[in-house]
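Worksheet for the structure shown next.
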Amino acid sequence: MRNSLFILLILLFLPSTVYADETTVLNALNSVWVVTAGALVFLMQAGFALVESGMSRAKNAVNVLMKNYMDACVCSLIFWAIGYGLMFGVNQTGWIGSSHFMPSNLTQWDWTFLFFQMMFAATAATIASGAMAERIHFNAYLIGACMIAGLIYPIFGSWAWGSAHGGEGWLKAMGFIDFAGSTLVHSIGGWAALAGILVLGPRLGKFAVNGEPRSIPGHNLSMVALGGFILWFGWFGFNAGSTLVASPDIGKIVLNTHLAACSGALGYLLSTRLFKRAILLTGTVNGSLGGLVAITAGCATMEPHFAILTGITAGFITFIGPRFIASFKLDDVVDAVSVHGFCGAWGTLAAGLFFSGDMFNTGRIGVQCLGILVAFIWGFGMAFVTYWIIDKTIGMRASSLHEQRGLDFTEHAEIGYPEFQNTTALNTESLHSKK
Amino acid sequence: MRNSLFILLILLFLPSTVYADETTVLNALNSVWVVTAGALVFLMQAGFALVESGMSRAKNAVNVLMKNYMDACVCSLIFWAIGYGLMFGVNQTGWIGSSHFMPSNLTQWDWTFLFFQMMFAATAATIASGAMAERIHFNAYLIGACMIAGLIYPIFGSWAWGSAHGGEGWLKAMGFIDFAGSTLVHSIGGWAALAGILVLGPRLGKFAVNGEPRSIPGHNLSMVALGGFILWFGWFGFNAGSTLVASPDIGKIVLNTHLAACSGALGYLLSTRLFKRAILLTGTVNGSLGGLVAITAGCATMEPHFAILTGITAGFITFIGPRFIASFKLDDVVDAVSVHGFCGAWGTLAAGLFFSGDMFNTGRIGVQCLGILVAFIWGFGMAFVTYWIIDKTIGMRASSLHEQRGLDFTEHAEIGYPEFQNTTALNTESLHSKK
Amino acid sequence: MRNSLFILLILLFLPSTVYADETTVLNALNSVWVVTAGALVFLMQAGFALVESGMSRAKNAVNVLMKNYMDACVCSLIFWAIGYGLMFGVNQTGWIGSSHFMPSNLTQWDWTFLFFQMMFAATAATIASGAMAERIHFNAYLIGACMIAGLIYPIFGSWAWGSAHGGEGWLKAMGFIDFAGSTLVHSIGGWAALAGILVLGPRLGKFAVNGEPRSIPGHNLSMVALGGFILWFGWFGFNAGSTLVASPDIGKIVLNTHLAACSGALGYLLSTRLFKRAILLTGTVNGSLGGLVAITAGCATMEPHFAILTGITAGFITFIGPRFIASFKLDDVVDAVSVHGFCGAWGTLAAGLFFSGDMFNTGRIGVQCLGILVAFIWGFGMAFVTYWIIDKTIGMRASSLHEQRGLDFTEHAEIGYPEFQNTTALNTESLHSKK
């Protein structure tokens with residue numbers, strides 16, 4: 001009987017990692033969880049496509065959808081070919097991975113891990129697409145996306161998350177906390193978007209009247225709302241799958257994720273009351289996405305009360321951020337810089353500020369700030385160089401004639417809604433300040 | 001060897017609840033399942049948004065979407081703040097919970113449980129939104145939704161499902177069966193919808209010609225179909241997640257759920273043949289949703305044959321119910337009262353009638369009828385008082401001018417499809433009786 | 001201590017099937033996985049509905065959606081009634097199952113298995129709907145779908161996958177590899193589509209000008225893109241759920257699935273460059289779906305490098321196939337024959353060619369070719385007879401007047417988008433060869 005109890009105790013308390021490389025029930029359970037979560041993260045591509053296309057004009061709907069569809073494809077392949085090795089390959093210096101390129105003969109678990117990480121790389125790459133919508137060449141965009149998924153994201157990733165195959169990234173070694181990637185995935189994507197719109201310039205007419213930004217309404221807000229819901233749904237996999245093991249911890253993670261999303265929308269709503277502006281659907285969706293981006297870093301290490309605080313603040317940022325960006329005459333079609341860049345930075349800071357059991361530790365906050373800063377320098381700098389070279393070689397920007405005609409017609413020879421008569425969009429902007 | 005066999009037997013037959021508070025594989029597995037199911041239930045919000053918006057006119061598309069998006073946000077937060085405590089807090093009298101408000105320091109499992117239950121509260125609240133579409137003020141709607149998710153739903157819930165933290169609800173103690181909430185979630189939502197449309201009155205023009213109801217076609221039936229599919233998909237989590245543990249029982253539950261949905265659509269189709277009416281897409285989707293609502297109570301305790309019977313009957317109810325409601329000059333835009341109220345009541349009765357191994361037990365049927373009746377009195381009564389007070393204070397109904405112009409323009413200063421020219425909808429109603 | 005080690009070893013290496021009929025954690029885990037996967041497969045119905053409706057004209061949007069919605073319903077019920085028994089019932093001859101019709105009193109596991117398999121039957125049946133869109137009577141279509149889900153698919157299935165309840169299908173006994181159904185589900189559906197369009201004839205105007213095929217643009221490409229994403233998402237459940245047990249193997253399966261989908265889109269893109277054609281969104285989505293169809297047979301037995309090769313080839317097939325089909329004056333609205341029929345056949349061959357550890361085994365390749373051929377003869381032949389009889393009795397094809405008016409109006413008395421003015425679609429085909 002003593003033996004029996006001994007085994008039962010082992011079975012009850014044995015940490016799951018002990019079994020990780022064995023063909024056991026725990027391995028199967030971990031696979032089920034991470035595969036399910038990875039599939040949810042994949043679906044976020046549909047969410048991005050809907051939000052970004054819905055916020056663009058009908059004449060560019062196909063182009064925006066195509067960018068999202070194809071970048072998921074090419075970024076996944078490029079991440080398999082080189083990104084995974086750079087990010088998770090053997091990392092002796094802490095600065096770059098150097099094995100596992102075009103991997104084959106991996107363990108069962110590694111295939112699951114690669115699948116999950118591949119979806120993250122595609123997410124980082126796709127964030128920039130919305131900001132640059134309605135004026136960028138399709139081919140130029142795809143090359144930029146490949147650079148993000150193949151080099152910019154995985155190299156930064158090797159610093160903060162590397163490595164699964166030996167060695168440790170230098171930022172990770174310093175204790176940088178970014179559980180599911182507020183900085184790694186979202187800020188990197190957001191700063192790339194910032195570099196992109198800087199190189200591209202604004203859409204025709206965006207600042208035509210006295211240099212003031214003009215609202216250019218998206219063509220389909222039902223798509224925006226659906227995209228917001230789908231992103232939110234996928235985010236449960238994004239955050240809770242980042243445990244990389246099936247664990248009872250995921251309950252708190254998804255709860256924090258959900259509360260922050262709700263609070264983000266609420267923060268936006270409160271901002272509209274405070275500044276007496278209309279409650280826009282586009283703003284509400286972006287508010288919730290800002291909350292989701294912000295909680296991504298600290299969802300596993302924060303109490304629910306602070307998840308709500310993190311989310312509300314993010315909602316406020318998504319209200320203020322776009323006005324700040326527009327003041328520089330920058331044209332971010334979907335406010336990706338605010339939602340992913342700014343809220344990602346805020347969330348990474350919040351993960352340091354509200355760390356359960358050790359709040360407001362200045363050492364931790366310092367490391368978080370360092371990570372945020374490094375991400376900006378690397379992400380913005382590398383993306384700027386990338387887009388600048390693309391612009392000087394094959395060209396980034398569609399011709400004015402093509403932009404006016406719409407990229408669907410000129411780049412794809414296909415129209416999103418060929419049977420519905422387009423009219424000049426009713427401009428409701430004058431009403432925005434009356435609410 | 002005897003020891004070994006003893007342990008194997010223990011491991012094979014030990015009920016999963018024994019491990020529930022331990023950091024074990026079973027706890028991880030339960031978390032994975034309930035988190036996955038909760039995420040699916042969340043996605044139902046998108047389904048409701050699509051069905052309700054698609055069945056409304058284009059000029060109110062943004063408003064309907066916004067109601068669904070924001071009620072998910074505020075209802076989740078209000079349920080965390082007070083609903084959870086009222087429903088699942090310590091319940092000594094059997095009539096109300098009184099602890100765990102704004103919970104912190106819960107166990108790992110409780111966070112998962114709170115996440116899952118939060119989604120149910122948001123579902124109950126959102127059901128009413130479709131019925132009251134196209135004429136209710138946005139703020140008035142949100143206050144009503146908060147009342148449902150924060151008070152009306154959780155207090156009834158404490159009677160029938162409470163409590164996880166000590167004490168037992170009085171209806172639960174009597175043996176009331178409502179496995180996943182045909183009555184708790186759907187009928188409560190449906191009766192609130194009934195109260196709402198009674199206070200609000202019908203849309204302009206609905207009964208304009210000789211007092212006869214006029215069909216007002218929804219603007220986008222593709223959205224309705226997609227919403228139906230998404231709700232159906234999410235319902236697998238709604239019903240099978242209500243086991244609250246990972247269990248082989250979920251196979252039968254999802255099968256019953258699926259068969260009832262299929263049969264609901266079939267029941268609607270057979271009704272159209274019987275009464276020589278056209279087979280509408282909106283009716284088909286509502287038929288399947290009626291089947292889903294009806295099987296929700298008995299999905300775990302019914303044989304598949306009876307799930308089919310329950311579903312077909314529900315499909316018939318979704319055909320007859322709207323005609324019954326309209327005969328009182330009530331205007332239910334999406335037929336929420338029939339789909340959620342009537343089918344929920346029917347399903348709760350069916351759970352009593354077709355209880356496996358003990359069918360047609362009059363004692364059980366009596367308790368089921370009591371629960372159905374109590375839900376109606378409480379849900380309808382409380383919601384009516386709530387909406388009446390809102391109406392007399394801040395006002396429920398948008399002005400006629402705003403209703404004619406569309407709430408998107410007047411409440412949000414944003415248009416759903418600004419580039420597509422709206423025309424007067426082609427009225428196809430005269431054809432409905434010709435098929 | 002020796003006993004303890006003995007038990008631990010048993011627990012670590014015991015194949016999960018040993019527990020399959022016990023109420024254990026493994027059984028719960030398997031249920032969780034297969035139920036989750038089955039729900040994902042269900043969602044593919046939404047994907048098909050969106051892709052097919054989006055590729056049709058607005059005047060037939062409701063009809064196409066209704067076909068997809070109702071066939072999911074009736075096919076599930078018919079599969080429960082007779083299909084399951086024919087496919088998985090006791091199969092003594094290897095040619096047909098003969099028990100488990102309208103099953104009741106099954107084991108817990110069998111309910112899960114039935115749920116999962118029901119979704120596959122509905123998938124096989126729904127593939128044909130898109131090909132025959134815009135001209136087939138609703139009732140005629142539904143009868144055809146019931147024949148596929150109730151007879152054609154399950155009988156072939158009994159040869160290649162049967163039986164779960166005793167006996168072995170003759171193709172399975174020969175070693176035929178079709179892990180998740182490239183041939184069983186997709187080719188059978190594709191060949192049924194081929195038979196259907198042969199009986200139906202092309203849409204009015206498709207070959208009107210000099211007998212050359214004319215592009216008839218779909219009304220909503222946003223729906224097509226979203227449908228593609230949803231199908232892709234659901235396919236993770238389709239392929240990885242086909243393990244029928246929770247297993248660490250699923251990581252490689254979903255990775256192969258994803259890489260093949262990415263490569264399929266890339267293969268289409270490369271084809272457009274090679275033949276100097278425009279990069280269409282519809283083509284890109286079909287390219288990825290072709291990759292998914294092709295990897296379905298070999299996803300569990302192929303290395304990722306070969307999954308990419310399988311996918312790229314499939315993408316090429318989806319580019320060439322529709323031109324081949326059109327050269328016979330056949331009108332396949334969504335290119336279902338190419339995507340599901342041709343790519344399914346290619347994938348089944350690829351599963352033989354690239355079998356890990358035993359590539360290019362001529363014996364295996366021979367069996368694969370036999371299976372592909374038998375599927376064509378059975379699937380095409382039976383479907384042709386079915387549709388021919390339907391055509392000669394109740395009639396397959398809507399009248400020319402109804403076809404011109406649109407089936408939404410004539411078959412359902414309901415319009416998809418009643419408020420949006422339809423215009424004659426802008427024909428962009430002349431641009432397709434200029435890119």
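Each chain in the structure tokens gets a letter, A, B, ..., in the order shown, and its residues are numbered from 1; ligands are numbered from 1 in order too.
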(request) Can you check which residues of chain B have any atom within 8 Å of chain A? Use only C-alpha atoms and format it as number ranges by chain. (result) B: 3-4, 7, 22-25, 27-32, 35, 39-40, 42-43, 45-46, 50, 61-62, 65-66, 69-70, 72-74, 76-77, 104, 108-115, 409, 411-421
Got time to write the residues from that selection, N, CA and C atoms, as a short mmCIF file (atom, residue, chain, number, x, y, z; two decimals), in the first residue's frame?
data_model
loop_
_atom_site.label_atom_id
_atom_site.label_comp_id
_atom_site.auth_asym_id
_atom_site.auth_seq_id
_atom_site.Cartn_x
_atom_site.Cartn_y
_atom_site.Cartn_z
N ASN B 3 -1.17 -4.56 -5.35
CA ASN B 3 -1.16 -3.10 -5.23
C ASN B 3 -1.34 -2.42 -6.60
N SER B 4 -0.58 -2.97 -7.54
CA SER B 4 -0.61 -2.36 -8.86
C SER B 4 -2.02 -2.36 -9.43
N ILE B 7 -4.23 0.17 -7.78
CA ILE B 7 -4.05 1.55 -8.24
C ILE B 7 -4.64 1.75 -9.64
N GLU B 22 -7.08 19.68 -7.18
CA GLU B 22 -5.66 19.39 -7.20
C GLU B 22 -5.05 19.86 -8.51
N THR B 23 -3.76 20.17 -8.41
CA THR B 23 -3.05 20.57 -9.62
C THR B 23 -2.67 19.33 -10.40
N THR B 24 -3.62 18.76 -11.08
CA THR B 24 -3.37 17.48 -11.74
C THR B 24 -3.76 17.56 -13.19
N VAL B 25 -3.54 16.47 -13.83
CA VAL B 25 -3.90 16.37 -15.24
C VAL B 25 -5.39 16.55 -15.44
N ASN B 27 -7.42 18.33 -13.65
CA ASN B 27 -7.74 19.73 -13.50
C ASN B 27 -7.36 20.49 -14.78
N ALA B 28 -6.20 20.16 -15.30
CA ALA B 28 -5.78 20.81 -16.55
C ALA B 28 -6.75 20.48 -17.68
N LEU B 29 -7.15 19.21 -17.75
CA LEU B 29 -8.07 18.79 -18.81
C LEU B 29 -9.41 19.50 -18.67
N ASN B 30 -9.92 19.57 -17.44
CA ASN B 30 -11.18 20.28 -17.23
C ASN B 30 -11.06 21.75 -17.63
N SER B 31 -9.94 22.35 -17.29
CA SER B 31 -9.73 23.75 -17.66
C SER B 31 -9.71 23.92 -19.16
N VAL B 32 -8.99 23.03 -19.84
CA VAL B 32 -8.93 23.11 -21.30
C VAL B 32 -10.33 23.03 -21.89
N VAL B 35 -12.61 26.17 -20.78
CA VAL B 35 -12.13 27.39 -21.44
C VAL B 35 -12.48 27.36 -22.93
N ALA B 39 -15.02 29.97 -24.75
CA ALA B 39 -14.67 30.77 -25.93
C ALA B 39 -15.73 30.59 -27.01
N LEU B 40 -16.21 29.35 -27.18
CA LEU B 40 -17.28 29.11 -28.16
C LEU B 40 -18.54 29.89 -27.79
N PHE B 42 -18.64 32.63 -26.14
CA PHE B 42 -18.39 34.04 -26.46
C PHE B 42 -18.73 34.32 -27.92
N LEU B 43 -18.30 33.40 -28.81
CA LEU B 43 -18.50 33.65 -30.24
C LEU B 43 -19.98 33.76 -30.60
N GLN B 45 -21.97 35.66 -29.36
CA GLN B 45 -22.27 37.09 -29.44
C GLN B 45 -22.19 37.57 -30.88
N ALA B 46 -21.17 37.09 -31.60
CA ALA B 46 -21.05 37.45 -33.01
C ALA B 46 -22.24 36.92 -33.80
N LEU B 50 -24.90 39.19 -35.94
CA LEU B 50 -25.14 39.02 -37.37
C LEU B 50 -26.60 38.73 -37.68
N ALA B 61 -28.14 49.14 -39.08
CA ALA B 61 -27.18 48.04 -38.97
C ALA B 61 -26.13 48.31 -37.90
N VAL B 62 -25.57 49.51 -37.91
CA VAL B 62 -24.53 49.84 -36.94
C VAL B 62 -25.09 49.81 -35.53
N LEU B 65 -25.49 46.24 -34.30
CA LEU B 65 -24.18 45.65 -34.03
C LEU B 65 -23.59 46.23 -32.75
N MET B 66 -23.72 47.54 -32.59
CA MET B 66 -23.17 48.20 -31.41
C MET B 66 -23.83 47.72 -30.13
N TYR B 69 -22.26 44.41 -29.46
CA TYR B 69 -20.84 44.51 -29.09
C TYR B 69 -20.69 45.07 -27.67
N MET B 70 -21.42 46.16 -27.40
CA MET B 70 -21.27 46.80 -26.10
C MET B 70 -21.94 46.03 -24.99
N ALA B 72 -22.04 42.84 -24.66
CA ALA B 72 -21.07 41.82 -24.25
C ALA B 72 -20.07 42.42 -23.27
N CYS B 73 -19.67 43.66 -23.52
CA CYS B 73 -18.67 44.32 -22.67
C CYS B 73 -19.23 44.69 -21.31
N VAL B 74 -20.31 45.46 -21.30
CA VAL B 74 -20.80 45.94 -20.00
C VAL B 74 -21.43 44.80 -19.19
N SER B 76 -20.52 41.65 -19.16
CA SER B 76 -19.45 40.86 -18.56
C SER B 76 -18.90 41.55 -17.32
N LEU B 77 -18.70 42.86 -17.42
CA LEU B 77 -18.15 43.60 -16.29
C LEU B 77 -19.13 43.63 -15.12
N SER B 104 -11.80 38.45 -6.14
CA SER B 104 -10.35 38.32 -6.34
C SER B 104 -9.89 37.16 -5.48
N GLN B 108 -7.85 28.63 -8.96
CA GLN B 108 -7.67 28.51 -10.42
C GLN B 108 -8.97 28.08 -11.08
N TRP B 109 -9.61 27.08 -10.48
CA TRP B 109 -10.82 26.57 -11.09
C TRP B 109 -11.92 27.62 -11.13
N ASP B 110 -12.03 28.40 -10.05
CA ASP B 110 -13.09 29.41 -9.99
C ASP B 110 -12.95 30.45 -11.09
N TRP B 111 -11.72 30.79 -11.44
CA TRP B 111 -11.56 31.75 -12.54
C TRP B 111 -12.13 31.19 -13.84
N THR B 112 -11.85 29.89 -14.05
CA THR B 112 -12.39 29.25 -15.25
C THR B 112 -13.92 29.25 -15.22
N PHE B 113 -14.44 28.90 -14.06
CA PHE B 113 -15.90 28.84 -13.88
C PHE B 113 -16.52 30.22 -14.09
N LEU B 114 -15.89 31.25 -13.53
CA LEU B 114 -16.39 32.62 -13.69
C LEU B 114 -16.38 33.04 -15.16
N PHE B 115 -15.30 32.70 -15.86
CA PHE B 115 -15.20 33.01 -17.29
C PHE B 115 -16.36 32.38 -18.07
N PHE B 409 -27.36 56.87 -38.07
CA PHE B 409 -27.06 58.28 -38.30
C PHE B 409 -27.30 59.09 -37.03
N GLU B 411 -27.83 58.05 -33.73
CA GLU B 411 -27.24 57.66 -32.44
C GLU B 411 -25.72 57.50 -32.50
N HIS B 412 -25.20 57.22 -33.69
CA HIS B 412 -23.76 56.94 -33.77
C HIS B 412 -23.02 57.80 -34.78
N ALA B 413 -23.75 58.54 -35.60
CA ALA B 413 -23.10 59.37 -36.61
C ALA B 413 -22.20 58.53 -37.51
N GLU B 414 -22.62 57.31 -37.79
CA GLU B 414 -21.83 56.41 -38.63
C GLU B 414 -22.79 55.56 -39.44
N ILE B 415 -22.45 55.35 -40.69
CA ILE B 415 -23.33 54.60 -41.60
C ILE B 415 -22.70 53.25 -41.89
N GLY B 416 -23.52 52.20 -41.88
CA GLY B 416 -22.98 50.86 -42.07
C GLY B 416 -22.33 50.63 -43.41
N TYR B 417 -23.00 51.13 -44.47
CA TYR B 417 -22.51 50.88 -45.84
C TYR B 417 -22.57 52.20 -46.60
N PRO B 418 -21.68 53.14 -46.30
CA PRO B 418 -21.84 54.49 -46.84
C PRO B 418 -21.75 54.58 -48.35
N GLU B 419 -21.19 53.57 -49.01
CA GLU B 419 -21.00 53.67 -50.46
C GLU B 419 -22.10 53.02 -51.28
N PHE B 420 -22.97 52.28 -50.62
CA PHE B 420 -23.99 51.56 -51.39
C PHE B 420 -25.32 52.30 -51.29
N GLN B 421 -25.88 52.56 -52.45
CA GLN B 421 -27.13 53.32 -52.52
C GLN B 421 -28.30 52.47 -52.02
#
(message) Residues within 6 Å of region 185-188 of chain B, please, as a ChimeraX atom specification. Count only C-alpha atoms; anything in the same chain fewer than 6 positions from it doesn't count.
(response) /B:124,340-341,344,379
(request) Report the residues of region 192-333 of chain A whose backbone DSSP state falls under helix (DSSP H, G or I), written as number ranges by chain. (result) A: 192-200, 221-243, 250-274, 281-298, 304-326
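Those residues that approach Val64 (chain A) to within 9 Å, counting only C-alpha atoms, are Ala49, Leu50, Glu52, Ser53, Ser56, Asn60, Ala61, Val62, Met66, Lys67, Asn68, Tyr69, Ser129, Gly130, Ala133, Glu134, Leu407 and Asp408 of chain A; same-chain residues fewer than 2 positions away are not listed.
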Set out as a tab-separated table a contact list for region 168-187 of chain B and region 347-366 of chain B with a cut-off of 10 Å, giving each residue of region 168-187 of chain B that qualifies its closest atom pair and distance in Å to one decimal, counting only C-alpha atoms, ordered by chain and rising residue number.
residue	atom	partner	partner_atom	distance
B:Met174	CA	B:Arg364	CA	9.1
B:Gly175	CA	B:Arg364	CA	7.4
B:Phe176	CA	B:Arg364	CA	7.6
B:Ile177	CA	B:Ala351	CA	6.9
B:Asp178	CA	B:Thr348	CA	6.4
B:Phe179	CA	B:Ala351	CA	8.8
B:Gly181	CA	B:Thr348	CA	8.6
B:Ser182	CA	B:Thr348	CA	6.1
B:Thr183	CA	B:Thr348	CA	6.4
B:Leu184	CA	B:Thr348	CA	9.6
B:Ser187	CA	B:Thr348	CA	9.5
With all heavy atoms retained, could you export that selection as a short mmCIF file (atom, residue, chain, number, x, y, z; two decimals), in the first residue's frame?
data_model
loop_
_atom_site.label_atom_id
_atom_site.label_comp_id
_atom_site.auth_asym_id
_atom_site.auth_seq_id
_atom_site.Cartn_x
_atom_site.Cartn_y
_atom_site.Cartn_z
N MET B 174 -35.60 21.23 -5.59
CA MET B 174 -36.82 20.49 -5.95
C MET B 174 -36.60 19.53 -7.12
O MET B 174 -37.51 18.78 -7.48
CB MET B 174 -37.92 21.48 -6.35
CG MET B 174 -38.45 22.31 -5.19
SD MET B 174 -39.74 23.45 -5.74
CE MET B 174 -41.09 22.30 -6.07
N GLY B 175 -35.40 19.56 -7.72
CA GLY B 175 -35.10 18.65 -8.82
C GLY B 175 -35.35 19.23 -10.20
O GLY B 175 -35.46 18.50 -11.18
N PHE B 176 -35.43 20.55 -10.27
CA PHE B 176 -35.65 21.19 -11.57
C PHE B 176 -34.48 20.90 -12.50
O PHE B 176 -33.32 21.05 -12.14
CB PHE B 176 -35.79 22.71 -11.35
CG PHE B 176 -36.04 23.51 -12.59
CD1 PHE B 176 -37.17 23.29 -13.37
CD2 PHE B 176 -35.15 24.50 -12.98
CE1 PHE B 176 -37.41 24.04 -14.51
CE2 PHE B 176 -35.38 25.26 -14.12
CZ PHE B 176 -36.51 25.03 -14.89
N ILE B 177 -34.81 20.46 -13.72
CA ILE B 177 -33.77 20.11 -14.71
C ILE B 177 -33.70 21.18 -15.77
O ILE B 177 -34.64 21.42 -16.52
CB ILE B 177 -34.12 18.79 -15.43
CG1 ILE B 177 -34.28 17.65 -14.43
CG2 ILE B 177 -33.03 18.44 -16.46
CD1 ILE B 177 -35.04 16.49 -15.03
N ASP B 178 -32.56 21.86 -15.82
CA ASP B 178 -32.33 22.79 -16.93
C ASP B 178 -30.83 22.79 -17.17
O ASP B 178 -30.12 23.72 -16.82
CB ASP B 178 -32.85 24.18 -16.58
CG ASP B 178 -32.82 25.11 -17.79
OD1 ASP B 178 -32.51 24.62 -18.88
OD2 ASP B 178 -33.08 26.30 -17.62
N PHE B 179 -30.40 21.74 -17.85
CA PHE B 179 -28.97 21.44 -17.89
C PHE B 179 -28.12 22.63 -18.29
O PHE B 179 -27.19 23.03 -17.60
CB PHE B 179 -28.71 20.26 -18.84
CG PHE B 179 -27.27 19.86 -18.89
CD1 PHE B 179 -26.67 19.27 -17.79
CD2 PHE B 179 -26.51 20.09 -20.02
CE1 PHE B 179 -25.33 18.91 -17.81
CE2 PHE B 179 -25.17 19.73 -20.06
CZ PHE B 179 -24.58 19.15 -18.96
N GLY B 181 -29.62 25.62 -19.67
CA GLY B 181 -30.30 26.90 -19.60
C GLY B 181 -31.36 27.22 -20.62
O GLY B 181 -31.48 28.37 -21.03
N SER B 182 -32.19 26.26 -21.03
CA SER B 182 -33.33 26.60 -21.89
C SER B 182 -34.19 27.66 -21.22
O SER B 182 -34.62 28.64 -21.85
CB SER B 182 -34.21 25.36 -22.14
OG SER B 182 -33.67 24.52 -23.12
N THR B 183 -34.44 27.47 -19.93
CA THR B 183 -35.24 28.44 -19.18
C THR B 183 -34.36 29.53 -18.60
O THR B 183 -34.62 30.72 -18.78
CB THR B 183 -36.00 27.72 -18.04
OG1 THR B 183 -37.11 27.02 -18.60
CG2 THR B 183 -36.51 28.71 -17.01
N LEU B 184 -33.30 29.11 -17.94
CA LEU B 184 -32.45 30.06 -17.23
C LEU B 184 -31.93 31.17 -18.13
O LEU B 184 -31.97 32.35 -17.78
CB LEU B 184 -31.24 29.32 -16.64
CG LEU B 184 -31.18 29.31 -15.14
CD1 LEU B 184 -31.60 27.97 -14.63
CD2 LEU B 184 -29.81 29.68 -14.68
N SER B 187 -35.23 31.46 -21.96
CA SER B 187 -36.56 31.97 -21.67
C SER B 187 -36.47 33.30 -20.93
O SER B 187 -37.22 34.24 -21.23
CB SER B 187 -37.35 30.96 -20.82
OG SER B 187 -37.85 29.93 -21.63
#
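For the pair CA of Cys369 (chain B) and CA of Ala345 (chain B), the interatomic distance is 8.5 Å.
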(message) Residues within 9 Å of Asp331 (chain A), please, as a ChimeraX atom specification. Count only C-alpha atoms; anything in the same chain fewer than 5 positions from it doesn't count.
(response) /A:131-132,197-198,201-203,206-207,213,325-326
Deliver the residues from the most recent selection as a file, using N, CA, C and O atoms, as a compact mmCIF listing (two decimals), in the first residue's frame.
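Written output follows (part-v4.txt):
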# COMPACT_ATOMS: atom_id res chain seq x y z
N ALA A 131 -2.82 49.52 -41.85
CA ALA A 131 -2.37 50.91 -41.80
C ALA A 131 -2.06 51.43 -43.21
O ALA A 131 -2.34 52.59 -43.54
N MET A 132 -1.49 50.57 -44.03
CA MET A 132 -1.01 50.99 -45.35
C MET A 132 -2.04 50.76 -46.45
O MET A 132 -1.72 50.87 -47.64
N ILE A 197 3.64 53.76 -43.10
CA ILE A 197 2.84 54.93 -43.49
C ILE A 197 3.71 56.18 -43.62
O ILE A 197 3.36 57.10 -44.34
N LEU A 198 4.85 56.16 -42.97
CA LEU A 198 5.79 57.26 -43.12
C LEU A 198 6.39 57.24 -44.53
O LEU A 198 6.50 58.28 -45.19
N GLY A 201 3.26 57.79 -47.29
CA GLY A 201 2.50 59.04 -47.34
C GLY A 201 1.01 58.76 -47.26
O GLY A 201 0.57 57.63 -47.44
N PRO A 202 0.22 59.81 -46.98
CA PRO A 202 -1.22 59.64 -46.79
C PRO A 202 -1.96 59.37 -48.10
O PRO A 202 -1.45 59.66 -49.19
N ARG A 203 -3.18 58.83 -47.98
CA ARG A 203 -4.04 58.65 -49.14
C ARG A 203 -4.38 60.00 -49.76
O ARG A 203 -4.41 61.03 -49.07
N LYS A 206 -6.70 62.80 -47.94
CA LYS A 206 -6.80 62.64 -46.49
C LYS A 206 -6.55 63.98 -45.77
O LYS A 206 -7.21 64.29 -44.79
N PHE A 207 -5.56 64.73 -46.28
CA PHE A 207 -5.27 66.03 -45.65
C PHE A 207 -5.44 67.16 -46.66
O PHE A 207 -4.73 68.17 -46.63
N PRO A 213 -7.00 66.50 -41.08
CA PRO A 213 -7.39 65.13 -41.45
C PRO A 213 -8.88 65.04 -41.71
O PRO A 213 -9.69 65.65 -41.02
N ILE A 325 -1.47 60.65 -33.92
CA ILE A 325 -0.85 60.21 -35.17
C ILE A 325 -1.24 61.15 -36.32
O ILE A 325 -0.38 61.57 -37.13
N ALA A 326 -2.52 61.51 -36.37
CA ALA A 326 -2.98 62.38 -37.47
C ALA A 326 -2.35 63.76 -37.38
O ALA A 326 -2.20 64.44 -38.41
(request) For region 136-139 of chain A, work out the shell of residues within 6 Å, counting only C-alpha atoms and skipping chain neighbours fewer than 6 positions away, then give it as a PyMOL selection string. (result) chain A and resi 396-398
